[in-house]
file final_4.txt (compact mmCIF, C-alpha atoms)
# COMPACT_ATOMS: atom_id res chain seq x y z
CA MET V 1 41.49 39.13 -33.26
CA LYS V 2 40.56 36.15 -31.07
CA ALA V 3 36.93 35.36 -30.18
CA TRP V 4 35.32 32.80 -27.89
CA GLN V 5 32.74 31.12 -30.12
CA PHE V 6 29.99 28.53 -29.83
CA THR V 7 30.33 25.83 -32.47
CA GLU V 8 28.37 22.72 -31.46
CA VAL V 9 26.14 21.55 -28.62
CA GLY V 10 28.16 19.72 -26.00
CA GLU V 11 31.46 21.25 -27.13
CA PRO V 12 33.38 23.91 -25.17
CA LEU V 13 33.84 27.39 -26.57
CA SER V 14 36.40 27.62 -29.37
CA HIS V 15 39.03 30.36 -29.36
CA ASN V 16 38.90 31.33 -33.03
CA GLU V 17 40.71 33.94 -35.09
CA ILE V 18 38.17 36.25 -36.78
CA PRO V 19 38.39 39.60 -38.63
CA GLU V 20 37.92 42.80 -36.65
CA PRO V 21 34.39 44.15 -37.11
CA GLU V 22 33.58 47.27 -39.10
CA ALA V 23 30.77 49.72 -38.37
CA GLY V 24 28.04 49.41 -40.98
CA PRO V 25 25.16 51.85 -41.46
CA GLY V 26 23.54 52.64 -38.11
CA GLU V 27 26.19 50.65 -36.22
CA ILE V 28 28.97 51.43 -33.80
CA VAL V 29 32.04 49.36 -32.99
CA ILE V 30 32.65 49.00 -29.27
CA GLU V 31 36.03 48.24 -27.73
CA VAL V 32 34.89 45.77 -25.09
CA ARG V 33 36.14 46.56 -21.58
CA ALA V 34 33.95 44.05 -19.76
CA ALA V 35 31.67 41.18 -20.77
CA GLY V 36 29.55 39.28 -18.28
CA LEU V 37 29.20 35.50 -18.24
CA CYS V 38 25.62 34.27 -17.91
CA HIS V 39 23.84 30.95 -17.31
CA SER V 40 22.24 31.55 -20.71
CA ASP V 41 25.69 30.94 -22.19
CA VAL V 42 25.68 27.54 -20.49
CA GLY V 43 22.24 26.97 -22.01
CA PHE V 44 23.61 27.66 -25.48
CA LEU V 45 26.39 25.12 -24.98
CA ASP V 46 24.23 22.35 -23.51
CA GLY V 47 21.45 22.71 -26.08
CA THR V 48 18.77 24.20 -23.83
CA LEU V 49 18.77 27.58 -25.61
CA THR V 50 20.65 26.78 -28.81
CA ALA V 51 17.58 27.37 -30.98
CA LEU V 52 17.91 31.11 -30.28
CA LEU V 53 21.23 31.30 -32.14
CA PRO V 54 20.85 32.09 -35.87
CA PHE V 55 24.26 30.81 -37.03
CA ARG V 56 27.44 29.12 -35.90
CA PRO V 57 30.18 29.64 -35.11
CA ILE V 58 28.96 32.68 -33.18
CA THR V 59 30.74 34.70 -30.53
CA LEU V 60 28.80 34.59 -27.27
CA GLY V 61 28.65 37.32 -24.63
CA HIS V 62 25.49 39.42 -24.30
CA GLU V 63 26.48 41.56 -21.27
CA ILE V 64 28.74 44.24 -22.71
CA ALA V 65 30.29 47.50 -21.57
CA GLY V 66 32.99 49.46 -23.32
CA VAL V 67 34.12 52.47 -25.33
CA VAL V 68 32.97 53.49 -28.81
CA ALA V 69 35.87 52.83 -31.19
CA ALA V 70 34.17 53.67 -34.51
CA THR V 71 30.82 54.87 -35.86
CA GLY V 72 29.11 53.93 -39.10
CA PRO V 73 27.11 56.04 -41.54
CA GLY V 74 23.96 57.52 -40.04
CA VAL V 75 25.01 57.20 -36.39
CA THR V 76 23.95 60.30 -34.47
CA ARG V 77 23.73 59.36 -30.78
CA PHE V 78 27.32 58.32 -30.12
CA ALA V 79 30.85 59.46 -30.90
CA VAL V 80 34.25 57.80 -30.64
CA GLY V 81 35.35 57.70 -27.00
CA ASP V 82 31.86 57.52 -25.46
CA ARG V 83 31.31 55.09 -22.59
CA VAL V 84 28.45 52.74 -23.44
CA ALA V 85 26.63 49.60 -22.36
CA VAL V 86 24.60 47.12 -24.40
CA PRO V 87 21.52 45.81 -22.58
CA ALA V 88 20.85 42.13 -23.21
CA ALA V 89 18.32 41.51 -25.98
CA ILE V 90 17.44 38.52 -28.14
CA GLU V 91 17.99 40.72 -31.20
CA GLY V 92 21.34 41.91 -29.86
CA PRO V 93 24.98 40.75 -29.77
CA GLY V 94 25.73 37.38 -28.24
CA THR V 95 22.36 36.04 -29.39
CA SER V 96 21.56 37.31 -32.89
CA SER V 97 25.04 38.53 -33.85
CA ASN V 98 28.60 38.13 -32.63
CA GLY V 99 28.83 39.13 -28.99
CA GLY V 100 31.21 40.52 -26.42
CA PHE V 101 33.59 37.61 -25.84
CA GLN V 102 35.94 39.33 -28.31
CA PRO V 103 37.98 42.56 -28.09
CA LYS V 104 35.70 44.58 -30.41
CA VAL V 105 32.06 44.12 -31.37
CA ALA V 106 29.74 45.81 -33.88
CA VAL V 107 26.32 46.76 -32.47
CA ARG V 108 23.30 48.58 -33.86
CA GLU V 109 23.13 52.09 -32.40
CA ASN V 110 19.53 51.66 -31.23
CA LEU V 111 20.56 48.79 -28.91
CA VAL V 112 23.16 50.85 -27.04
CA LEU V 113 22.86 53.04 -23.93
CA PRO V 114 25.21 55.78 -22.71
CA LEU V 115 27.01 54.75 -19.52
CA PRO V 116 27.32 57.19 -16.61
CA ASP V 117 30.90 57.93 -15.58
CA GLY V 118 30.42 56.66 -12.02
CA ILE V 119 29.78 53.03 -12.96
CA ALA V 120 32.71 50.62 -13.18
CA TRP V 121 33.04 48.47 -16.29
CA ASP V 122 32.39 45.17 -14.51
CA GLN V 123 29.31 46.53 -12.71
CA ALA V 124 28.00 47.97 -15.97
CA ALA V 125 28.35 44.65 -17.79
CA ALA V 126 26.50 42.76 -15.05
CA ALA V 127 23.76 45.39 -14.95
CA THR V 128 22.99 45.03 -18.66
CA ASP V 129 21.41 41.60 -18.18
CA ALA V 130 21.24 40.42 -14.58
CA GLY V 131 20.37 43.87 -13.26
CA LEU V 132 17.85 44.58 -16.00
CA THR V 133 16.18 41.18 -15.75
CA SER V 134 16.01 41.32 -11.96
CA TYR V 135 14.55 44.82 -11.89
CA HIS V 136 11.88 44.00 -14.49
CA ALA V 137 10.91 40.80 -12.65
CA MET V 138 10.66 42.50 -9.28
CA VAL V 139 9.21 45.94 -9.96
CA VAL V 140 7.32 45.54 -13.24
CA GLN V 141 6.10 41.95 -13.36
CA GLY V 142 6.04 41.41 -9.60
CA GLY V 143 4.74 44.82 -8.61
CA VAL V 144 7.14 44.85 -5.65
CA ALA V 145 7.09 48.14 -3.74
CA SER V 146 7.53 49.52 -0.25
CA GLY V 147 6.03 47.12 2.28
CA THR V 148 5.79 44.13 -0.07
CA LYS V 149 6.81 40.78 1.42
CA VAL V 150 8.78 39.07 -1.31
CA GLY V 151 10.47 35.69 -1.59
CA VAL V 152 13.54 35.20 -3.76
CA ILE V 153 14.34 31.69 -4.99
CA GLY V 154 17.94 31.34 -6.10
CA PHE V 155 20.60 33.72 -4.83
CA GLY V 156 23.03 33.67 -7.72
CA GLY V 157 23.80 36.61 -9.97
CA LEU V 158 20.15 37.33 -10.77
CA GLY V 159 18.67 36.56 -7.36
CA SER V 160 21.19 38.63 -5.42
CA LEU V 161 20.46 41.63 -7.63
CA GLY V 162 16.72 41.01 -7.42
CA ALA V 163 16.94 41.02 -3.64
CA GLN V 164 18.84 44.32 -3.72
CA VAL V 165 16.27 45.88 -6.04
CA ALA V 166 13.48 44.77 -3.70
CA LEU V 167 15.31 46.15 -0.66
CA ALA V 168 15.99 49.40 -2.52
CA VAL V 169 12.25 49.98 -3.04
CA GLY V 170 11.47 49.18 0.59
CA ALA V 171 10.32 45.55 0.42
CA GLU V 172 10.80 42.85 3.08
CA VAL V 173 12.87 40.08 1.50
CA TYR V 174 13.11 36.36 2.22
CA VAL V 175 15.74 34.30 0.37
CA ALA V 176 15.71 30.60 -0.52
CA GLU V 177 19.07 29.28 -1.70
CA LYS V 178 20.29 25.67 -1.56
CA ASN V 179 23.95 26.70 -1.55
CA GLU V 180 24.47 27.62 2.10
CA LYS V 181 27.76 29.32 1.21
CA ALA V 182 25.66 32.17 -0.19
CA HIS V 183 23.58 32.66 2.97
CA ALA V 184 26.06 34.97 4.67
CA PHE V 185 26.04 37.30 1.67
CA ALA V 186 22.24 37.43 1.74
CA ARG V 187 22.25 38.33 5.43
CA GLU V 188 24.87 41.03 4.80
CA LEU V 189 22.43 42.70 2.43
CA GLY V 190 19.82 42.93 5.19
CA VAL V 191 17.22 40.38 4.12
CA ALA V 192 14.66 39.30 6.71
CA ASP V 193 15.59 35.61 6.62
CA VAL V 194 17.39 32.93 4.60
CA ALA V 195 16.61 29.22 4.16
CA THR V 196 17.40 26.41 1.75
CA ASP V 197 13.80 26.13 0.48
CA ILE V 198 11.06 28.72 -0.04
CA SER V 199 8.57 26.49 1.78
CA ALA V 200 10.30 27.48 5.02
CA PHE V 201 8.49 30.83 4.68
CA ALA V 202 4.99 29.44 4.17
CA ASP V 203 3.79 31.14 7.38
CA GLU V 204 5.06 34.56 6.25
CA LYS V 205 2.19 35.01 3.74
CA LEU V 206 4.50 36.28 1.02
CA ASP V 207 2.88 38.69 -1.43
CA VAL V 208 5.25 37.81 -4.26
CA VAL V 209 7.73 35.02 -4.96
CA VAL V 210 10.26 35.44 -7.75
CA ASP V 211 11.82 32.20 -8.97
CA PHE V 212 15.26 32.94 -10.36
CA ALA V 213 16.18 29.22 -10.40
CA GLY V 214 13.47 27.64 -12.53
CA PHE V 215 13.96 23.96 -11.80
CA GLY V 216 10.30 23.02 -11.87
CA THR V 217 10.28 21.98 -8.24
CA THR V 218 11.16 25.56 -7.31
CA THR V 219 8.19 26.93 -9.24
CA ALA V 220 5.89 24.34 -7.67
CA ALA V 221 7.14 25.32 -4.21
CA ALA V 222 6.59 29.00 -4.99
CA VAL V 223 2.95 28.35 -5.94
CA GLU V 224 2.43 26.39 -2.71
CA THR V 225 4.13 29.05 -0.54
CA VAL V 226 2.83 32.41 -1.80
CA ARG V 227 -0.26 33.78 -0.05
CA ARG V 228 -3.78 33.57 -1.45
CA ASP V 229 -4.09 36.12 -4.31
CA GLY V 230 -0.32 36.34 -4.38
CA ARG V 231 1.93 36.40 -7.41
CA VAL V 232 4.70 34.08 -8.62
CA VAL V 233 7.13 35.52 -11.19
CA GLN V 234 9.07 32.99 -13.25
CA VAL V 235 12.51 34.07 -14.45
CA GLY V 236 14.86 31.09 -14.19
CA LEU V 237 14.99 28.37 -16.82
CA GLY V 238 16.98 25.66 -15.09
CA VAL V 239 14.76 23.15 -16.89
CA GLY V 240 12.50 23.49 -19.90
CA GLU V 241 9.34 22.15 -18.26
CA GLY V 242 7.87 21.83 -14.77
CA THR V 243 4.78 20.57 -12.97
CA ILE V 244 2.68 22.66 -10.58
CA ASN V 245 -0.38 21.95 -8.45
CA LEU V 246 -3.25 23.34 -10.50
CA GLN V 247 -5.63 22.94 -7.57
CA THR V 248 -3.50 25.21 -5.39
CA LEU V 249 -3.01 27.67 -8.24
CA THR V 250 -6.75 27.87 -8.87
CA LEU V 251 -8.23 27.74 -5.38
CA ASN V 252 -5.72 30.26 -4.00
CA GLN V 253 -6.08 32.48 -7.08
CA VAL V 254 -2.33 32.62 -7.53
CA VAL V 255 -1.07 34.72 -10.44
CA LEU V 256 1.77 32.97 -12.33
CA ILE V 257 3.60 35.24 -14.76
CA GLY V 258 6.79 34.98 -16.77
CA SER V 259 9.45 37.67 -16.97
CA GLN V 260 12.26 38.22 -19.45
CA ALA V 261 14.70 41.12 -19.90
CA GLY V 262 13.10 44.59 -19.64
CA THR V 263 12.28 47.91 -21.25
CA ALA V 264 14.33 51.02 -21.99
CA GLU V 265 12.80 52.61 -18.90
CA ASP V 266 13.88 49.60 -16.81
CA ARG V 267 17.41 49.93 -18.18
CA ARG V 268 17.66 53.56 -17.15
CA ALA V 269 16.25 52.76 -13.71
CA VAL V 270 18.78 49.97 -13.13
CA LEU V 271 21.75 52.10 -14.18
CA GLY V 272 20.45 54.81 -11.83
CA LEU V 273 20.35 52.36 -8.91
CA VAL V 274 23.86 51.12 -9.74
CA ALA V 275 25.22 54.67 -10.05
CA ALA V 276 23.64 55.53 -6.68
CA GLY V 277 25.21 52.48 -5.01
CA ARG V 278 21.81 50.95 -4.21
CA VAL V 279 22.42 47.85 -6.37
CA THR V 280 25.83 46.20 -6.71
CA SER V 281 26.73 42.92 -8.34
CA ARG V 282 29.00 40.60 -6.41
CA VAL V 283 31.51 40.31 -9.22
CA THR V 284 34.40 37.91 -9.74
CA ARG V 285 36.67 39.38 -12.41
CA ILE V 286 38.49 37.10 -14.83
CA GLY V 287 40.65 37.78 -17.85
CA PHE V 288 39.36 37.32 -21.39
CA ASP V 289 41.68 34.33 -21.79
CA ASP V 290 39.79 32.58 -18.97
CA ILE V 291 36.23 32.96 -20.34
CA ALA V 292 35.86 29.32 -21.43
CA ASP V 293 37.02 28.15 -18.01
CA GLY V 294 34.58 30.59 -16.41
CA ILE V 295 31.67 29.07 -18.35
CA GLY V 296 32.69 25.70 -16.91
CA ARG V 297 32.65 27.13 -13.40
CA LEU V 298 29.13 28.43 -14.00
CA GLU V 299 28.00 25.05 -15.28
CA ARG V 300 29.39 23.32 -12.18
CA GLY V 301 27.67 25.77 -9.82
CA GLU V 302 30.93 27.13 -8.44
CA VAL V 303 30.09 30.83 -8.81
CA ILE V 304 28.42 33.08 -6.24
CA GLY V 305 27.30 36.33 -7.86
CA ARG V 306 28.49 37.19 -11.39
CA LEU V 307 31.57 36.32 -13.40
CA VAL V 308 32.76 39.15 -15.64
CA GLY V 309 35.51 38.95 -18.22
CA VAL V 310 37.58 42.13 -18.09
CA ASN V 311 39.64 43.25 -21.09
CA GLU V 312 42.14 45.80 -19.85

call {"tool": "encode", "arguments": {"input": "final_4.txt", "output": "structure tokens"}}
result
Amino acid sequence: MKAWQFTEVGEPLSHNEIPEPEAGPGEIVIEVRAAGLCHSDVGFLDGTLTALLPFRPITLGHEIAGVVAATGPGVTRFAVGDRVAVPAAIEGPGTSSNGGFQPKVAVRENLVLPLPDGIAWDQAAAATDAGLTSYHAMVVQGGVASGTKVGVIGFGGLGSLGAQVALAVGAEVYVAEKNEKAHAFARELGVADVATDISAFADEKLDVVVDFAGFGTTTAAAVETVRRDGRVVQVGLGVGEGTINLQTLTLNQVVLIGSQAGTAEDRRAVLGLVAAGRVTSRVTRIGFDDIADGIGRLERGEVIGRLVGVNE
């Protein structure tokens, strides 16, 4: 079968012929129906996140939804034909083992979740990473709840889902997004206001600001904008390092906290919100043959929402 694989920093994905996977002890083989494309994949290619990958060539794709095609010895939770999703995890496919940018993938049973029938493949794939990460950042790390005034920096795949999660729990949401083409979508969701920079909401006394962009300047602006005793949650990794005003951080007693992925409880909560129609990814579907081109579109900033490769 053909797989889209990372080979070297600075090189595009290679479309390589590899053997079909077999289910080892405690593993299942999933026939991939949808695999989401993520900015982390861009980070692997440009060298920002390459250190996370244990070998090369390696098939990328850590947002996976599909059908169980085979089970290995000792598997008890799943049977052939089950609908499943694979939540993104550093120890999971697309990071520590071959991922979902191939027709079939072998995954450890303990990393897999059953997928409710009401969730479409493309929505399920997006929920495994973007939905999970956004929920954890908002509700767990940010403590966002009914009545919270929350700022969202970056309204791409993660930020748009984060805003929906915040709205779903009853928060008042303010969005900062430089790409004005995304502003109409934000307003359609029912956010309180949209601007190109979070500093536009300095007078709103935001309780929480979640930075889904992570370009250093965005984090600095979040620290300057959030209210005294407020909280800034860092999710995005647009750059590896940034500079913030320590005086503002200290004198305003701002809490700065990182957020990455989520827990099993978060995963169930996200799938519940998706199944209930409370959280929906703005998905652009592409064929598996177009995955490498899709990564390029992500790198150039041409995507609003999430790109998902669909294998049908």

call {"tool": "residues_around", "arguments": {"input": "final_4.txt", "residues": "region 214-223 of chain V", "least_positions_apart": "3", "cutoff": "12 Å", "atoms": "only C-alpha atoms", "output": "ChimeraX atom specification"}}
result
/V:39,150-154,158-159,175-178,196-202,205-211,226-259

call {"tool": "atom_distance", "arguments": {"input": "final_4.txt", "atom1": "CA of Pro114 (chain V)", "atom2": "CA of Leu37 (chain V)"}}
result
21.1 Å

call {"tool": "residues_around", "arguments": {"input": "final_4.txt", "residues": "region 128-134 of chain V", "least_positions_apart": "5", "cutoff": "7 Å", "atoms": "only C-alpha atoms", "output": "ChimeraX atom specification"}}
result
/V:63,85-88,157-158,161-162,260-262,266-267,270

call {"tool": "residues_around", "arguments": {"input": "final_4.txt", "residues": "region 31-36 of chain V", "least_positions_apart": "5", "cutoff": "7 Å", "atoms": "only C-alpha atoms", "output": "VMD selection string"}}
result
chain V and resid 61 63 to 69 100 to 101 103 to 105 121 to 122 125 to 126 307 to 312

call {"tool": "residues_around", "arguments": {"input": "final_4.txt", "residues": "region 108-111 of chain V", "least_positions_apart": "6", "cutoff": "8 Å", "atoms": "all atoms listed in the file", "output": "PDB file with C-alpha atoms, in the coordinates of the input"}}
result
ATOM      1  CA  GLY V  26      23.540  52.640 -38.110  1.00  0.00           C
ATOM      2  CA  GLU V  27      26.190  50.650 -36.220  1.00  0.00           C
ATOM      3  CA  ILE V  28      28.970  51.430 -33.800  1.00  0.00           C
ATOM      4  CA  VAL V  75      25.010  57.200 -36.390  1.00  0.00           C
ATOM      5  CA  ARG V  77      23.730  59.360 -30.780  1.00  0.00           C
ATOM      6  CA  PHE V  78      27.320  58.320 -30.120  1.00  0.00           C
ATOM      7  CA  VAL V  86      24.600  47.120 -24.400  1.00  0.00           C
ATOM      8  CA  PRO V  87      21.520  45.810 -22.580  1.00  0.00           C
ATOM      9  CA  GLY V  92      21.340  41.910 -29.860  1.00  0.00           C
TER      10      GLY V  92
END

call {"tool": "atom_distance", "arguments": {"input": "final_4.txt", "atom1": "CA of Thr50 (chain V)", "atom2": "CA of Val9 (chain V)"}}
result
7.6 Å

call {"tool": "atom_distance", "arguments": {"input": "final_4.txt", "atom1": "CA of Ile295 (chain V)", "atom2": "CA of Ser160 (chain V)"}}
result
19.2 Å

call {"tool": "residues_near_point", "arguments": {"input": "final_4.txt", "point": "(35.3, 40.3, -37.8)", "cutoff": "12 Å", "atoms": "only C-alpha atoms", "output": "ChimeraX atom specification"}}
result
/V:1-3,16-23,29,58-59,97-99,102-106

call {"tool": "closest_residue", "arguments": {"input": "final_4.txt", "among": "V:Val139, V:Val165, V:Ile90, V:Ala184", "to": "Arg278 (chain V)", "atoms": "all atoms listed in the file"}}
result
V:Val165

call {"tool": "closest_residue", "arguments": {"input": "final_4.txt", "among": "V:Gly294, V:Val140, V:Val274, V:Val173", "to": "Val194 (chain V)", "atoms": "all atoms listed in the file"}}
result
V:Val173

call {"tool": "closest_residue", "arguments": {"input": "final_4.txt", "among": "V:Ala163, V:Val144, V:Ala182, V:Ala195", "to": "Phe212 (chain V)", "atoms": "only C-alpha atoms"}}
result
V:Ala163

call {"tool": "closest_residue", "arguments": {"input": "final_4.txt", "among": "V:Lys181, V:Gly296, V:Phe55, V:Ala264", "to": "Ala89 (chain V)", "atoms": "only C-alpha atoms"}}
result
V:Ala264

call {"tool": "closest_residue", "arguments": {"input": "final_4.txt", "among": "V:Ala186, V:Glu91, V:Ser14, V:Ile30", "to": "Ala70 (chain V)", "atoms": "all atoms listed in the file"}}
result
V:Ile30

call {"tool": "closest_residue", "arguments": {"input": "final_4.txt", "among": "V:Ala166, V:Arg83, V:Gln123, V:Val283", "to": "Gly143 (chain V)", "atoms": "only C-alpha atoms"}}
result
V:Ala166
